[in-house]
Amino acid sequence: MKLFLLAILQSSLLAGGQVLLKFALGRMLPFAWSLDFWKSVFVNWQFACCGLCYGAGSLLWFYIVKNFPFSMAYPLVSLSYVLGMIAAIVFFHETVDAMKWIGVGLIVLGCFFIAR
């Protein structure tokens, strides 16, 4: 159960980083090798928070891999797909059809069996 909870936290950090990255990219100028572009990158708070989420998620992943069997830990990363889909609905108002919900249900069920 401890592994499952840590995997949910780690997946939340990964999905949160992806959401922040999408928001950050929407505020950046189109890519160019110009000072204006790089300013739009480095003054973007969503981009900075995205990096913090990825960094914290990576540190937590180090702990998980060191202390739990890899055959159990690695499949639980797929929880980030579930959280990412929920984030797409909440933050980006995307629609999700029944087949995708079935897929999400299978991912969650598989993670439950692996963590047992």
# chains A, B, ... in the order shown; residues from 1 in each chain; ligands from 1
>>> residues_around(residues="A:Lys100", least_positions_apart="3", cutoff="12 Å", atoms="only C-alpha atoms", output="compact mmCIF listing (two decimals) with all heavy atoms, in the first residue's frame")
# COMPACT_ATOMS: atom_id res chain seq x y z
N TYR A 81 -0.73 8.51 -16.59
CA TYR A 81 -1.64 8.62 -17.74
C TYR A 81 -3.07 8.88 -17.27
O TYR A 81 -3.80 9.68 -17.86
CB TYR A 81 -1.62 7.34 -18.57
CG TYR A 81 -0.28 7.00 -19.16
CD1 TYR A 81 0.25 5.72 -19.01
CD2 TYR A 81 0.46 7.93 -19.86
CE1 TYR A 81 1.48 5.39 -19.55
CE2 TYR A 81 1.69 7.61 -20.40
CZ TYR A 81 2.19 6.34 -20.24
OH TYR A 81 3.40 6.02 -20.77
N VAL A 82 -3.46 8.22 -16.22
CA VAL A 82 -4.80 8.40 -15.66
C VAL A 82 -4.96 9.83 -15.17
O VAL A 82 -5.94 10.52 -15.50
CB VAL A 82 -5.05 7.39 -14.52
CG1 VAL A 82 -6.40 7.63 -13.87
CG2 VAL A 82 -4.93 5.96 -15.02
N MET A 85 -5.15 12.35 -17.98
CA MET A 85 -6.44 12.43 -18.64
C MET A 85 -7.45 13.22 -17.80
O MET A 85 -8.20 14.04 -18.33
CB MET A 85 -6.99 11.05 -18.94
CG MET A 85 -8.18 11.11 -19.89
SD MET A 85 -8.76 9.51 -20.40
CE MET A 85 -9.75 9.07 -19.00
N ILE A 86 -7.42 13.00 -16.50
CA ILE A 86 -8.30 13.77 -15.62
C ILE A 86 -7.93 15.25 -15.68
O ILE A 86 -8.82 16.12 -15.75
CB ILE A 86 -8.24 13.22 -14.18
CG1 ILE A 86 -8.84 11.81 -14.14
CG2 ILE A 86 -8.94 14.15 -13.21
CD1 ILE A 86 -8.59 11.05 -12.86
N THR A 95 -12.96 16.48 -23.97
CA THR A 95 -13.97 15.44 -23.77
C THR A 95 -13.31 14.07 -23.89
O THR A 95 -12.37 13.88 -24.67
CB THR A 95 -15.11 15.56 -24.80
OG1 THR A 95 -14.55 15.49 -26.12
CG2 THR A 95 -15.86 16.86 -24.64
N VAL A 96 -13.80 13.14 -23.11
CA VAL A 96 -13.23 11.79 -23.07
C VAL A 96 -14.37 10.81 -23.32
O VAL A 96 -15.38 10.83 -22.61
CB VAL A 96 -12.56 11.52 -21.71
CG1 VAL A 96 -12.05 10.10 -21.64
CG2 VAL A 96 -11.43 12.52 -21.47
N ASP A 97 -14.21 9.96 -24.32
CA ASP A 97 -15.26 9.01 -24.66
C ASP A 97 -15.19 7.76 -23.77
O ASP A 97 -14.24 7.58 -22.99
CB ASP A 97 -15.24 8.64 -26.14
CG ASP A 97 -13.94 7.97 -26.57
OD1 ASP A 97 -13.31 7.28 -25.75
OD2 ASP A 97 -13.56 8.14 -27.74
N GLY A 103 -10.22 2.18 -20.83
CA GLY A 103 -8.77 2.05 -20.78
C GLY A 103 -8.20 2.52 -19.46
O GLY A 103 -7.33 1.86 -18.86
N VAL A 104 -8.70 3.65 -18.97
CA VAL A 104 -8.25 4.16 -17.68
C VAL A 104 -8.61 3.19 -16.56
O VAL A 104 -7.80 2.93 -15.66
CB VAL A 104 -8.86 5.56 -17.41
CG1 VAL A 104 -8.77 5.94 -15.95
CG2 VAL A 104 -8.17 6.59 -18.27
N GLY A 105 -9.79 2.63 -16.63
CA GLY A 105 -10.20 1.65 -15.62
C GLY A 105 -9.29 0.44 -15.62
O GLY A 105 -8.92 -0.08 -14.55
N LEU A 106 -8.88 -0.01 -16.80
CA LEU A 106 -7.98 -1.15 -16.89
C LEU A 106 -6.60 -0.81 -16.33
O LEU A 106 -5.96 -1.65 -15.67
CB LEU A 106 -7.88 -1.64 -18.33
CG LEU A 106 -9.15 -2.29 -18.89
CD1 LEU A 106 -9.00 -2.55 -20.38
CD2 LEU A 106 -9.47 -3.57 -18.14
N ILE A 107 -6.13 0.39 -16.58
CA ILE A 107 -4.84 0.82 -16.02
C ILE A 107 -4.90 0.81 -14.49
O ILE A 107 -4.01 0.26 -13.82
CB ILE A 107 -4.43 2.21 -16.54
CG1 ILE A 107 -4.05 2.15 -18.01
CG2 ILE A 107 -3.26 2.78 -15.71
CD1 ILE A 107 -3.84 3.52 -18.66
>>> residues_around(residues="A:Ser40", least_positions_apart="4", cutoff="9 Å", atoms="only C-alpha atoms", output="list of chain:residue names")
A:Arg27, A:Met28, A:Leu29, A:Leu35, A:Asp36, A:Asn44
>>> select_by_dssp(residues="stretch 18-90 of chain A", states="helix (DSSP H, G or I)", output="PDB file with N, CA and C atoms, in the first residue's frame")
ATOM      1  N   GLN A  18       3.293  18.239 -16.467  1.00  0.00           N
ATOM      2  CA  GLN A  18       2.810  18.293 -17.850  1.00  0.00           C
ATOM      3  C   GLN A  18       1.753  19.389 -18.034  1.00  0.00           C
ATOM      4  N   VAL A  19       0.857  19.519 -17.068  1.00  0.00           N
ATOM      5  CA  VAL A  19      -0.165  20.569 -17.143  1.00  0.00           C
ATOM      6  C   VAL A  19       0.499  21.941 -17.123  1.00  0.00           C
ATOM      7  N   LEU A  20       1.433  22.134 -16.199  1.00  0.00           N
ATOM      8  CA  LEU A  20       2.133  23.416 -16.132  1.00  0.00           C
ATOM      9  C   LEU A  20       2.935  23.680 -17.402  1.00  0.00           C
ATOM     10  N   LEU A  21       3.521  22.637 -17.983  1.00  0.00           N
ATOM     11  CA  LEU A  21       4.256  22.808 -19.231  1.00  0.00           C
ATOM     12  C   LEU A  21       3.325  23.270 -20.352  1.00  0.00           C
ATOM     13  N   LYS A  22       2.142  22.681 -20.431  1.00  0.00           N
ATOM     14  CA  LYS A  22       1.195  23.086 -21.480  1.00  0.00           C
ATOM     15  C   LYS A  22       0.775  24.548 -21.297  1.00  0.00           C
ATOM     16  N   PHE A  23       0.500  24.940 -20.057  1.00  0.00           N
ATOM     17  CA  PHE A  23       0.171  26.349 -19.799  1.00  0.00           C
ATOM     18  C   PHE A  23       1.356  27.257 -20.143  1.00  0.00           C
ATOM     19  N   ALA A  24       2.565  26.846 -19.769  1.00  0.00           N
ATOM     20  CA  ALA A  24       3.758  27.652 -20.033  1.00  0.00           C
ATOM     21  C   ALA A  24       3.992  27.821 -21.523  1.00  0.00           C
ATOM     22  N   LEU A  25       3.839  26.741 -22.284  1.00  0.00           N
ATOM     23  CA  LEU A  25       4.067  26.825 -23.730  1.00  0.00           C
ATOM     24  C   LEU A  25       3.071  27.757 -24.398  1.00  0.00           C
ATOM     25  N   GLY A  26       1.862  27.832 -23.855  1.00  0.00           N
ATOM     26  CA  GLY A  26       0.860  28.746 -24.396  1.00  0.00           C
ATOM     27  C   GLY A  26       1.215  30.206 -24.186  1.00  0.00           C
ATOM     28  N   ARG A  27       2.055  30.490 -23.208  1.00  0.00           N
ATOM     29  CA  ARG A  27       2.440  31.873 -22.906  1.00  0.00           C
ATOM     30  C   ARG A  27       3.778  32.273 -23.527  1.00  0.00           C
ATOM     31  N   LEU A  35      16.714  36.973 -27.989  1.00  0.00           N
ATOM     32  CA  LEU A  35      16.650  37.348 -26.581  1.00  0.00           C
ATOM     33  C   LEU A  35      15.209  37.414 -26.107  1.00  0.00           C
ATOM     34  N   ASP A  36      14.307  37.902 -26.943  1.00  0.00           N
ATOM     35  CA  ASP A  36      12.898  37.990 -26.557  1.00  0.00           C
ATOM     36  C   ASP A  36      12.302  36.615 -26.255  1.00  0.00           C
ATOM     37  N   PHE A  37      12.642  35.622 -27.091  1.00  0.00           N
ATOM     38  CA  PHE A  37      12.135  34.274 -26.830  1.00  0.00           C
ATOM     39  C   PHE A  37      12.632  33.766 -25.489  1.00  0.00           C
ATOM     40  N   TRP A  38      13.933  33.866 -25.238  1.00  0.00           N
ATOM     41  CA  TRP A  38      14.496  33.324 -24.002  1.00  0.00           C
ATOM     42  C   TRP A  38      13.990  34.071 -22.784  1.00  0.00           C
ATOM     43  N   LYS A  39      13.690  35.349 -22.931  1.00  0.00           N
ATOM     44  CA  LYS A  39      13.053  36.076 -21.824  1.00  0.00           C
ATOM     45  C   LYS A  39      11.674  35.493 -21.538  1.00  0.00           C
ATOM     46  N   SER A  40      10.938  35.172 -22.607  1.00  0.00           N
ATOM     47  CA  SER A  40       9.598  34.609 -22.407  1.00  0.00           C
ATOM     48  C   SER A  40       9.658  33.243 -21.738  1.00  0.00           C
ATOM     49  N   VAL A  41      10.784  32.564 -21.872  1.00  0.00           N
ATOM     50  CA  VAL A  41      10.959  31.268 -21.212  1.00  0.00           C
ATOM     51  C   VAL A  41      11.274  31.462 -19.739  1.00  0.00           C
ATOM     52  N   PHE A  42      12.249  32.290 -19.446  1.00  0.00           N
ATOM     53  CA  PHE A  42      12.778  32.356 -18.088  1.00  0.00           C
ATOM     54  C   PHE A  42      11.987  33.257 -17.139  1.00  0.00           C
ATOM     55  N   TRP A  45       6.451  31.769 -14.939  1.00  0.00           N
ATOM     56  CA  TRP A  45       6.386  31.046 -13.660  1.00  0.00           C
ATOM     57  C   TRP A  45       5.855  29.624 -13.831  1.00  0.00           C
ATOM     58  N   GLN A  46       4.977  29.399 -14.815  1.00  0.00           N
ATOM     59  CA  GLN A  46       4.488  28.038 -15.043  1.00  0.00           C
ATOM     60  C   GLN A  46       5.612  27.114 -15.487  1.00  0.00           C
ATOM     61  N   PHE A  47       6.518  27.640 -16.298  1.00  0.00           N
ATOM     62  CA  PHE A  47       7.656  26.847 -16.756  1.00  0.00           C
ATOM     63  C   PHE A  47       8.561  26.483 -15.573  1.00  0.00           C
ATOM     64  N   ALA A  48       8.789  27.440 -14.688  1.00  0.00           N
ATOM     65  CA  ALA A  48       9.612  27.184 -13.502  1.00  0.00           C
ATOM     66  C   ALA A  48       8.949  26.142 -12.600  1.00  0.00           C
ATOM     67  N   CYS A  49       7.662  26.269 -12.381  1.00  0.00           N
ATOM     68  CA  CYS A  49       6.950  25.302 -11.538  1.00  0.00           C
ATOM     69  C   CYS A  49       6.909  23.928 -12.186  1.00  0.00           C
ATOM     70  N   CYS A  50       6.841  23.890 -13.500  1.00  0.00           N
ATOM     71  CA  CYS A  50       6.912  22.623 -14.228  1.00  0.00           C
ATOM     72  C   CYS A  50       8.216  21.911 -13.897  1.00  0.00           C
ATOM     73  N   GLY A  51       9.312  22.638 -13.942  1.00  0.00           N
ATOM     74  CA  GLY A  51      10.611  22.057 -13.614  1.00  0.00           C
ATOM     75  C   GLY A  51      10.673  21.580 -12.171  1.00  0.00           C
ATOM     76  N   LEU A  52      10.068  22.324 -11.257  1.00  0.00           N
ATOM     77  CA  LEU A  52      10.046  21.905  -9.856  1.00  0.00           C
ATOM     78  C   LEU A  52       9.254  20.610  -9.683  1.00  0.00           C
ATOM     79  N   CYS A  53       8.132  20.506 -10.374  1.00  0.00           N
ATOM     80  CA  CYS A  53       7.339  19.267 -10.304  1.00  0.00           C
ATOM     81  C   CYS A  53       8.131  18.082 -10.837  1.00  0.00           C
ATOM     82  N   TYR A  54       8.781  18.263 -11.990  1.00  0.00           N
ATOM     83  CA  TYR A  54       9.582  17.182 -12.557  1.00  0.00           C
ATOM     84  C   TYR A  54      10.736  16.814 -11.633  1.00  0.00           C
ATOM     85  N   GLY A  55      11.376  17.819 -11.049  1.00  0.00           N
ATOM     86  CA  GLY A  55      12.491  17.554 -10.142  1.00  0.00           C
ATOM     87  C   GLY A  55      12.043  16.786  -8.912  1.00  0.00           C
ATOM     88  N   ALA A  56      10.953  17.221  -8.292  1.00  0.00           N
ATOM     89  CA  ALA A  56      10.442  16.531  -7.108  1.00  0.00           C
ATOM     90  C   ALA A  56       9.985  15.116  -7.466  1.00  0.00           C
ATOM     91  N   GLY A  57       9.337  14.971  -8.617  1.00  0.00           N
ATOM     92  CA  GLY A  57       8.908  13.648  -9.062  1.00  0.00           C
ATOM     93  C   GLY A  57      10.084  12.723  -9.303  1.00  0.00           C
ATOM     94  N   SER A  58      11.166  13.268  -9.838  1.00  0.00           N
ATOM     95  CA  SER A  58      12.361  12.461 -10.078  1.00  0.00           C
ATOM     96  C   SER A  58      13.005  12.027  -8.765  1.00  0.00           C
ATOM     97  N   LEU A  59      13.085  12.923  -7.802  1.00  0.00           N
ATOM     98  CA  LEU A  59      13.653  12.555  -6.497  1.00  0.00           C
ATOM     99  C   LEU A  59      12.814  11.472  -5.818  1.00  0.00           C
ATOM    100  N   LEU A  60      11.501  11.614  -5.906  1.00  0.00           N
ATOM    101  CA  LEU A  60      10.634  10.592  -5.338  1.00  0.00           C
ATOM    102  C   LEU A  60      10.808   9.266  -6.081  1.00  0.00           C
ATOM    103  N   TRP A  61      10.993   9.335  -7.387  1.00  0.00           N
ATOM    104  CA  TRP A  61      11.215   8.119  -8.179  1.00  0.00           C
ATOM    105  C   TRP A  61      12.510   7.428  -7.739  1.00  0.00           C
ATOM    106  N   PHE A  62      13.552   8.207  -7.449  1.00  0.00           N
ATOM    107  CA  PHE A  62      14.801   7.621  -6.954  1.00  0.00           C
ATOM    108  C   PHE A  62      14.527   6.800  -5.694  1.00  0.00           C
ATOM    109  N   TYR A  63      13.747   7.370  -4.785  1.00  0.00           N
ATOM    110  CA  TYR A  63      13.414   6.679  -3.535  1.00  0.00           C
ATOM    111  C   TYR A  63      12.627   5.392  -3.818  1.00  0.00           C
ATOM    112  N   ILE A  64      11.646   5.503  -4.699  1.00  0.00           N
ATOM    113  CA  ILE A  64      10.796   4.348  -5.018  1.00  0.00           C
ATOM    114  C   ILE A  64      11.632   3.227  -5.620  1.00  0.00           C
ATOM    115  N   VAL A  65      12.467   3.537  -6.603  1.00  0.00           N
ATOM    116  CA  VAL A  65      13.265   2.517  -7.279  1.00  0.00           C
ATOM    117  C   VAL A  65      14.257   1.870  -6.315  1.00  0.00           C
ATOM    118  N   LYS A  66      14.798   2.651  -5.407  1.00  0.00           N
ATOM    119  CA  LYS A  66      15.775   2.102  -4.463  1.00  0.00           C
ATOM    120  C   LYS A  66      15.127   1.169  -3.444  1.00  0.00           C
ATOM    121  N   ASN A  67      13.890   1.456  -3.043  1.00  0.00           N
ATOM    122  CA  ASN A  67      13.299   0.763  -1.906  1.00  0.00           C
ATOM    123  C   ASN A  67      12.205  -0.246  -2.239  1.00  0.00           C
ATOM    124  N   PHE A  70      11.528  -3.293  -8.662  1.00  0.00           N
ATOM    125  CA  PHE A  70      11.333  -2.570  -9.921  1.00  0.00           C
ATOM    126  C   PHE A  70      10.140  -3.116 -10.697  1.00  0.00           C
ATOM    127  N   SER A  71       9.926  -4.427 -10.616  1.00  0.00           N
ATOM    128  CA  SER A  71       8.814  -5.047 -11.342  1.00  0.00           C
ATOM    129  C   SER A  71       7.463  -4.572 -10.828  1.00  0.00           C
ATOM    130  N   MET A  72       7.427  -4.058  -9.618  1.00  0.00           N
ATOM    131  CA  MET A  72       6.188  -3.485  -9.079  1.00  0.00           C
ATOM    132  C   MET A  72       6.146  -1.973  -9.306  1.00  0.00           C
ATOM    133  N   ALA A  73       7.294  -1.316  -9.124  1.00  0.00           N
ATOM    134  CA  ALA A  73       7.333   0.145  -9.179  1.00  0.00           C
ATOM    135  C   ALA A  73       7.100   0.693 -10.588  1.00  0.00           C
ATOM    136  N   TYR A  74       7.784   0.119 -11.555  1.00  0.00           N
ATOM    137  CA  TYR A  74       7.734   0.711 -12.896  1.00  0.00           C
ATOM    138  C   TYR A  74       6.335   0.715 -13.513  1.00  0.00           C
ATOM    139  N   PRO A  75       5.575  -0.364 -13.435  1.00  0.00           N
ATOM    140  CA  PRO A  75       4.226  -0.314 -14.015  1.00  0.00           C
ATOM    141  C   PRO A  75       3.320   0.737 -13.364  1.00  0.00           C
ATOM    142  N   LEU A  76       3.599   1.092 -12.110  1.00  0.00           N
ATOM    143  CA  LEU A  76       2.750   2.069 -11.434  1.00  0.00           C
ATOM    144  C   LEU A  76       2.935   3.488 -11.967  1.00  0.00           C
ATOM    145  N   VAL A  77       3.992   3.697 -12.755  1.00  0.00           N
ATOM    146  CA  VAL A  77       4.173   5.004 -13.405  1.00  0.00           C
ATOM    147  C   VAL A  77       3.002   5.288 -14.347  1.00  0.00           C
ATOM    148  N   SER A  78       2.342   4.242 -14.814  1.00  0.00           N
ATOM    149  CA  SER A  78       1.213   4.427 -15.735  1.00  0.00           C
ATOM    150  C   SER A  78       0.057   5.176 -15.082  1.00  0.00           C
ATOM    151  N   LEU A  79       0.071   5.311 -13.774  1.00  0.00           N
ATOM    152  CA  LEU A  79      -0.955   6.129 -13.119  1.00  0.00           C
ATOM    153  C   LEU A  79      -0.896   7.578 -13.593  1.00  0.00           C
ATOM    154  N   SER A  80       0.272   8.013 -14.064  1.00  0.00           N
ATOM    155  CA  SER A  80       0.375   9.385 -14.570  1.00  0.00           C
ATOM    156  C   SER A  80      -0.501   9.583 -15.813  1.00  0.00           C
ATOM    157  N   TYR A  81      -0.734   8.513 -16.589  1.00  0.00           N
ATOM    158  CA  TYR A  81      -1.642   8.620 -17.739  1.00  0.00           C
ATOM    159  C   TYR A  81      -3.067   8.882 -17.268  1.00  0.00           C
ATOM    160  N   VAL A  82      -3.457   8.216 -16.220  1.00  0.00           N
ATOM    161  CA  VAL A  82      -4.802   8.396 -15.664  1.00  0.00           C
ATOM    162  C   VAL A  82      -4.959   9.828 -15.166  1.00  0.00           C
ATOM    163  N   LEU A  83      -3.997  10.282 -14.380  1.00  0.00           N
ATOM    164  CA  LEU A  83      -4.072  11.642 -13.835  1.00  0.00           C
ATOM    165  C   LEU A  83      -3.975  12.683 -14.945  1.00  0.00           C
ATOM    166  N   GLY A  84      -3.198  12.387 -15.973  1.00  0.00           N
ATOM    167  CA  GLY A  84      -3.104  13.301 -17.110  1.00  0.00           C
ATOM    168  C   GLY A  84      -4.427  13.444 -17.847  1.00  0.00           C
ATOM    169  N   MET A  85      -5.150  12.353 -17.981  1.00  0.00           N
ATOM    170  CA  MET A  85      -6.445  12.433 -18.640  1.00  0.00           C
ATOM    171  C   MET A  85      -7.448  13.225 -17.799  1.00  0.00           C
ATOM    172  N   ILE A  86      -7.416  13.004 -16.503  1.00  0.00           N
ATOM    173  CA  ILE A  86      -8.296  13.770 -15.618  1.00  0.00           C
ATOM    174  C   ILE A  86      -7.932  15.255 -15.683  1.00  0.00           C
ATOM    175  N   ALA A  87      -6.636  15.557 -15.721  1.00  0.00           N
ATOM    176  CA  ALA A  87      -6.197  16.954 -15.838  1.00  0.00           C
ATOM    177  C   ALA A  87      -6.646  17.566 -17.162  1.00  0.00           C
ATOM    178  N   ALA A  88      -6.634  16.780 -18.228  1.00  0.00           N
ATOM    179  CA  ALA A  88      -7.083  17.290 -19.534  1.00  0.00           C
ATOM    180  C   ALA A  88      -8.550  17.702 -19.468  1.00  0.00           C
ATOM    181  N   ILE A  89      -9.338  16.944 -18.727  1.00  0.00           N
ATOM    182  CA  ILE A  89     -10.758  17.267 -18.581  1.00  0.00           C
ATOM    183  C   ILE A  89     -10.933  18.522 -17.726  1.00  0.00           C
ATOM    184  N   VAL A  90     -10.246  18.561 -16.598  1.00  0.00           N
ATOM    185  CA  VAL A  90     -10.428  19.651 -15.632  1.00  0.00           C
ATOM    186  C   VAL A  90      -9.846  20.963 -16.141  1.00  0.00           C
TER     187      VAL A  90
END
>>> closest_residue(among="A:Ala15, A:Ile8, A:Leu3, A:Ala98", to="A:Ile114", atoms="only C-alpha atoms")
A:Leu3
>>> atom_distance(atom1="atom CA of A:Leu5", atom2="atom CA of A:Phe112")
11.0 Å
>>> closest_residue(among="A:Val43, A:Leu109, A:Phe68, A:Ser34", to="A:Leu6", atoms="only C-alpha atoms")
A:Phe68
